[in-house]
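Student: My structure is in query11.txt, and what it holds is compact mmCIF, C-alpha atoms:
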```txt
# COMPACT_ATOMS: atom_id res chain seq x y z
CA MET R 13 0.00 0.00 0.00
CA SER R 14 1.49 3.33 -1.07
CA ASN R 15 2.10 6.17 1.38
CA LYS R 16 -0.06 9.27 1.38
CA ILE R 17 0.88 12.94 1.60
CA PHE R 18 -1.48 15.51 3.09
CA ARG R 19 -2.27 18.14 0.44
CA PHE R 20 -5.60 19.88 1.07
CA ASN R 21 -7.02 20.79 4.46
CA LYS R 22 -10.70 20.97 5.35
CA THR R 23 -11.01 24.63 4.44
CA MET R 24 -9.73 24.09 0.90
CA ARG R 25 -11.96 21.05 0.43
CA PHE R 26 -14.99 22.95 1.70
CA PHE R 27 -14.19 25.84 -0.62
CA HIS R 28 -13.68 23.58 -3.64
CA TRP R 29 -16.87 21.55 -3.31
CA SER R 30 -19.15 24.38 -2.18
CA TYR R 31 -17.92 26.65 -4.96
CA ILE R 32 -18.36 24.14 -7.76
CA THR R 33 -21.80 23.14 -6.46
CA PHE R 34 -23.06 26.71 -6.61
CA TYR R 35 -21.17 27.32 -9.86
CA PHE R 36 -22.85 24.50 -11.74
CA LEU R 37 -26.27 25.35 -10.33
CA LEU R 38 -25.70 28.81 -11.79
CA ALA R 39 -24.38 27.40 -15.06
CA ILE R 40 -27.38 25.11 -15.55
CA THR R 41 -30.07 27.61 -14.58
CA GLY R 42 -28.35 30.38 -16.53
CA ALA R 43 -27.98 28.21 -19.63
CA PHE R 44 -31.78 27.93 -19.85
CA LEU R 45 -31.72 31.46 -21.24
CA TYR R 46 -29.59 30.45 -24.21
CA PHE R 47 -30.15 26.79 -25.04
CA ASP R 48 -33.61 25.46 -25.83
CA PHE R 49 -32.39 21.85 -25.71
CA LEU R 50 -32.12 22.23 -21.93
CA ASP R 51 -35.83 22.95 -21.55
CA TRP R 52 -36.40 19.40 -20.32
CA LEU R 53 -34.45 20.28 -17.16
CA ARG R 54 -36.65 23.22 -16.20
CA PRO R 55 -39.27 21.14 -14.35
CA LEU R 56 -36.51 19.98 -11.99
CA PHE R 57 -36.26 23.60 -10.81
CA GLY R 58 -40.00 24.33 -10.80
CA GLY R 59 -40.11 25.87 -14.25
CA ALA R 60 -38.57 29.09 -15.51
CA GLN R 61 -39.53 31.10 -12.41
CA GLY R 62 -38.16 28.40 -10.10
CA ALA R 63 -34.91 28.35 -12.08
CA ARG R 64 -34.57 32.11 -11.59
CA ILE R 65 -34.97 31.71 -7.83
CA VAL R 66 -32.42 28.87 -7.73
CA HIS R 67 -30.07 31.01 -9.82
CA ARG R 68 -30.24 33.88 -7.36
CA VAL R 69 -29.88 31.67 -4.29
CA ALA R 70 -26.89 29.93 -5.89
CA ALA R 71 -25.43 33.35 -6.73
CA VAL R 72 -25.47 34.27 -3.06
CA GLY R 73 -23.81 30.92 -2.27
CA LEU R 74 -21.11 31.54 -4.88
CA ILE R 75 -20.35 34.92 -3.36
CA LEU R 76 -20.22 33.59 0.20
CA SER R 77 -18.21 30.42 -0.45
CA PRO R 78 -14.79 32.14 -0.85
CA ILE R 79 -15.60 34.65 1.89
CA ILE R 80 -16.49 31.95 4.42
CA SER R 81 -13.41 29.96 3.43
CA PHE R 82 -11.24 33.02 3.97
CA LEU R 83 -12.76 33.61 7.40
CA LEU R 84 -12.16 29.97 8.33
CA ASN R 85 -8.51 30.02 7.33
CA PRO R 86 -7.31 33.40 6.02
CA LYS R 87 -3.65 32.40 5.89
CA GLU R 88 -4.27 29.36 3.70
CA ILE R 89 -6.51 31.24 1.26
CA TRP R 90 -4.17 34.22 1.08
CA GLU R 91 -1.09 32.07 0.53
CA THR R 92 -2.90 30.11 -2.18
CA LEU R 93 -3.91 33.29 -4.01
CA LYS R 94 -0.46 34.81 -3.63
CA TYR R 95 1.12 31.66 -5.03
CA ALA R 96 -1.38 31.46 -7.93
CA TYR R 97 -0.74 35.07 -8.95
CA SER R 98 3.05 34.73 -8.84
CA TRP R 99 4.34 34.13 -12.35
CA LYS R 100 7.63 34.33 -14.19
CA ALA R 101 8.32 34.19 -17.91
CA SER R 102 9.59 30.62 -17.83
CA ASP R 103 6.26 29.44 -16.37
CA LEU R 104 4.66 29.82 -19.79
CA LYS R 105 6.76 26.92 -21.09
CA PHE R 106 4.56 24.63 -19.02
CA PHE R 107 1.61 25.04 -21.37
CA GLY R 108 3.38 23.62 -24.41
CA GLY R 109 3.87 20.34 -22.58
CA PHE R 110 0.46 20.58 -20.94
CA ILE R 111 -1.37 20.74 -24.28
CA LYS R 112 0.59 17.75 -25.49
CA GLU R 113 -0.20 15.75 -22.34
CA PHE R 114 -3.84 16.86 -22.33
CA PHE R 115 -4.36 15.07 -25.63
CA GLY R 116 -2.56 11.91 -24.58
CA GLY R 117 1.08 12.69 -25.26
CA HIS R 118 3.99 12.55 -22.87
CA ALA R 119 5.53 15.80 -21.66
CA HIS R 120 8.44 16.92 -19.52
CA TYR R 121 8.02 19.86 -17.16
CA GLU R 122 10.15 21.97 -14.93
CA PRO R 123 9.69 20.87 -11.29
CA GLN R 124 6.34 22.09 -10.00
CA GLY R 125 5.25 23.34 -6.58
CA LYS R 126 2.01 22.60 -4.72
CA TYR R 127 0.07 23.89 -7.73
CA ASN R 128 1.32 23.53 -11.28
CA GLN R 129 0.94 26.35 -13.78
CA GLY R 130 -2.33 24.95 -15.14
CA GLU R 131 -3.81 24.84 -11.64
CA LYS R 132 -2.53 28.34 -10.97
CA LEU R 133 -4.19 29.60 -14.15
CA ASN R 134 -7.42 27.92 -13.06
CA ILE R 135 -7.29 29.77 -9.73
CA VAL R 136 -6.59 33.07 -11.50
CA LEU R 137 -9.41 32.64 -14.03
CA GLN R 138 -11.93 31.46 -11.46
CA SER R 139 -11.11 34.26 -9.01
CA LEU R 140 -11.30 36.95 -11.71
CA GLY R 141 -14.47 35.33 -13.02
CA TRP R 142 -15.91 35.40 -9.49
CA LEU R 143 -15.35 39.15 -9.28
CA LEU R 144 -16.84 39.72 -12.72
CA PHE R 145 -19.83 37.53 -11.88
CA ILE R 146 -20.49 39.59 -8.75
CA VAL R 147 -20.24 43.02 -10.39
CA SER R 148 -22.20 42.10 -13.51
CA GLY R 149 -24.68 39.94 -11.57
CA ILE R 150 -25.61 42.79 -9.23
CA VAL R 151 -26.38 44.97 -12.23
CA LEU R 152 -28.46 42.25 -13.89
CA TRP R 153 -30.27 41.49 -10.63
CA ARG R 154 -31.27 45.16 -10.29
CA PHE R 155 -31.48 45.78 -14.03
CA GLU R 156 -34.20 48.43 -13.70
CA ASP R 157 -31.92 50.59 -11.54
CA PHE R 158 -29.32 51.00 -14.28
CA SER R 159 -29.25 52.48 -17.75
CA PRO R 160 -29.71 50.17 -20.77
CA GLU R 161 -26.05 50.75 -21.72
CA VAL R 162 -24.78 49.68 -18.30
CA GLY R 163 -27.12 46.69 -18.38
CA MET R 164 -25.79 45.60 -21.77
CA ILE R 165 -22.17 45.90 -20.61
CA ALA R 166 -23.03 43.84 -17.53
CA LEU R 167 -24.69 41.18 -19.68
CA ILE R 168 -21.65 40.93 -21.95
CA GLY R 169 -19.34 40.77 -18.92
CA HIS R 170 -21.49 38.05 -17.34
CA ASP R 171 -21.36 36.02 -20.55
CA ILE R 172 -17.58 36.43 -20.88
CA ALA R 173 -17.06 35.27 -17.29
CA PHE R 174 -19.31 32.28 -17.92
CA ILE R 175 -17.63 31.21 -21.17
CA PHE R 176 -14.06 31.37 -19.86
CA THR R 177 -14.72 29.84 -16.45
CA LEU R 178 -16.91 27.07 -17.89
CA ALA R 179 -14.35 26.14 -20.56
CA TYR R 180 -11.64 25.81 -17.96
CA ALA R 181 -13.96 24.02 -15.53
CA ILE R 182 -14.78 21.39 -18.17
CA GLY R 183 -11.08 20.84 -18.79
CA HIS R 184 -10.51 20.61 -15.04
CA ILE R 185 -13.23 17.96 -14.71
CA TYR R 186 -11.77 15.94 -17.57
CA LEU R 187 -8.31 15.99 -15.99
CA SER R 188 -9.70 15.10 -12.57
CA LEU R 189 -12.00 12.26 -13.60
CA PHE R 190 -10.71 10.77 -16.83
CA HIS R 191 -7.12 11.67 -17.67
CA PRO R 192 -4.93 8.74 -16.58
CA VAL R 193 -1.98 10.94 -15.59
CA THR R 194 -3.79 13.55 -13.50
CA LYS R 195 -6.89 11.85 -12.09
CA PRO R 196 -5.02 10.61 -8.96
CA ALA R 197 -5.10 14.26 -7.83
CA LEU R 198 -8.85 14.01 -7.19
CA GLU R 199 -8.24 12.02 -4.02
CA GLY R 200 -6.69 15.12 -2.51
CA MET R 201 -10.00 16.96 -2.74
CA LEU R 202 -11.93 13.98 -1.37
CA THR R 203 -9.79 12.94 1.57
CA GLY R 204 -7.09 15.61 1.78
CA TYR R 205 -4.37 13.10 0.88
CA VAL R 206 -2.64 12.24 -2.39
CA ASP R 207 -0.46 9.30 -3.29
CA GLU R 208 3.17 9.95 -2.39
CA GLU R 209 4.39 8.84 -5.83
CA TYR R 210 1.96 11.24 -7.49
CA ALA R 211 3.20 14.10 -5.30
CA LYS R 212 6.82 13.22 -5.98
CA ASN R 213 6.36 13.00 -9.75
CA HIS R 214 3.98 15.91 -10.36
CA HIS R 215 4.77 18.39 -7.59
CA PRO R 216 8.39 17.65 -6.63
CA LEU R 217 9.19 21.11 -5.25
CA TRP R 218 6.24 20.92 -2.88
CA TYR R 219 6.90 17.27 -2.10
CA ASN R 220 10.46 18.04 -1.01
CA GLU R 221 9.09 20.64 1.40
CA VAL R 222 6.48 18.40 3.03
CA LYS R 223 7.79 14.85 2.62
CA PRO R 224 7.79 13.03 5.94
CA VAL R 225 11.04 12.29 7.67
CA LYS R 226 11.48 8.61 8.40
CA GLY R 227 9.76 7.80 11.66
CA GLU R 228 7.66 10.96 11.56
CA ALA R 229 5.44 10.18 8.56
CA LYS R 230 2.24 9.90 10.56
CA LYS R 231 2.83 13.14 12.45
CA GLN R 232 3.72 15.19 9.37
CA ALA R 233 0.91 13.76 7.25
CA LYS R 234 -1.50 15.09 9.84
CA THR R 235 -0.01 18.56 10.09
CA LYS R 236 1.31 19.56 6.68
CA SER R 237 -0.92 21.31 4.17
CA GLY R 238 1.78 22.76 1.95
CA PHE R 239 1.58 26.36 3.09
CA VAL R 240 0.46 26.17 6.69
CA THR R 241 0.46 23.55 9.43
CA THR R 242 -3.24 23.42 10.19
CA GLN R 243 -6.16 21.27 9.16
CA LYS R 244 -8.75 24.04 9.49
```
Write out the structure in this file as structure tokens.
Tutor:
Amino acid sequence: MSNKIFRFNKTMRFFHWSYITFYFLLAITGAFLYFDFLDWLRPLFGGAQGARIVHRVAAVGLILSPIISFLLNPKEIWETLKYAYSWKASDLKFFGGFIKEFFGGHAHYEPQGKYNQGEKLNIVLQSLGWLLFIVSGIVLWRFEDFSPEVGMIALIGHDIAFIFTLAYAIGHIYLSLFHPVTKPALEGMLTGYVDEEYAKNHHPLWYNEVKPVKGEAKKQAKTKSGFVTTQK
């Protein structure tokens, strides 16, 4: 039986699953406005009016999910964001290999930290999308309080946020559930732990920081999260 390395604490797992739950509720109920082939789903939400209510409730949940997570563990969330927004020119080389591996090829990467460049880009896009969803969503929610021009800009911004975040979310789901190289990472968001070999091969810089010293594996696995030593 392979050893496990602690990667994601309870706060990060709560944030991940709560955010994607509200996100996809919003995506489904919002898509009713654009795609007639989804009409068969409307009865599940009580019709068009029910879907609007679910959309607004989920919007509040989407706004609160990161805020609650930050309040639960501000250091972890801040360190994650700071890490995700720290880039250097050489980081862009990652994506050439990533595209190749995404479609089944074999790629070589520079040693990666707790999050690789693809995961960092996902955090950046989703966080910027979150802000754009909030600003544009408030305008659309109170559409009558704004001019038609502002309302149109908000609608375009809402659509842009949806398109980019959904495209990346679909790729993220594929990598997590189906791609043979990356799907072992999903365990980290389910239990908090990832396989030690996976950590060593895909995130060697982070692994070298948190790998358990012989005789202390159990203790370190329970305390290390990558950035902080808490399981909040």
Student: Select, from R:Leu104, R:Leu37, R:Ile79, R:Leu53, the residue with the minimum atom-to-atom distance to Asn128 of chain R, counting all atoms listed in the file.
Tutor: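 Among the listed residues, the smallest separation from Asn128 of chain R belongs to R:Leu104.
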Student: List as number ranges by chain the protein and nucleic acid residues near segment 99-102 of chain R, meaning an atom at most 10 Å away when only C-alpha atoms are counted, but skip any in the same chain fewer than 4 places from it.
Tutor: R: 94-95, 106, 122, 129, 132-133
Student: Report the distance between atom CA of Glu156 of chain R and atom CA of Ile172 of chain R in Å, rounded to one decimal place.
Tutor: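 A separation of 21.7 Å between them.
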Student: Can you pull out every residue within 12 Å of Asn220 of chain R, counting all atoms listed in the file, but drop anything in the same chain fewer than 4 positions away, and send it as a PyMOL selection string?
Tutor: chain R and resi 17+123-126+208+211-216+224-225+238
Student: So that I can check the surroundings of segment 107-112 of chain R, please list as a PyMOL selection string every protein, DNA and RNA residue that reaches within 9 Å of it, counting only C-alpha atoms and ignoring chain neighbours fewer than 4 positions away.
Tutor: chain R and resi 103+116-121+129-130
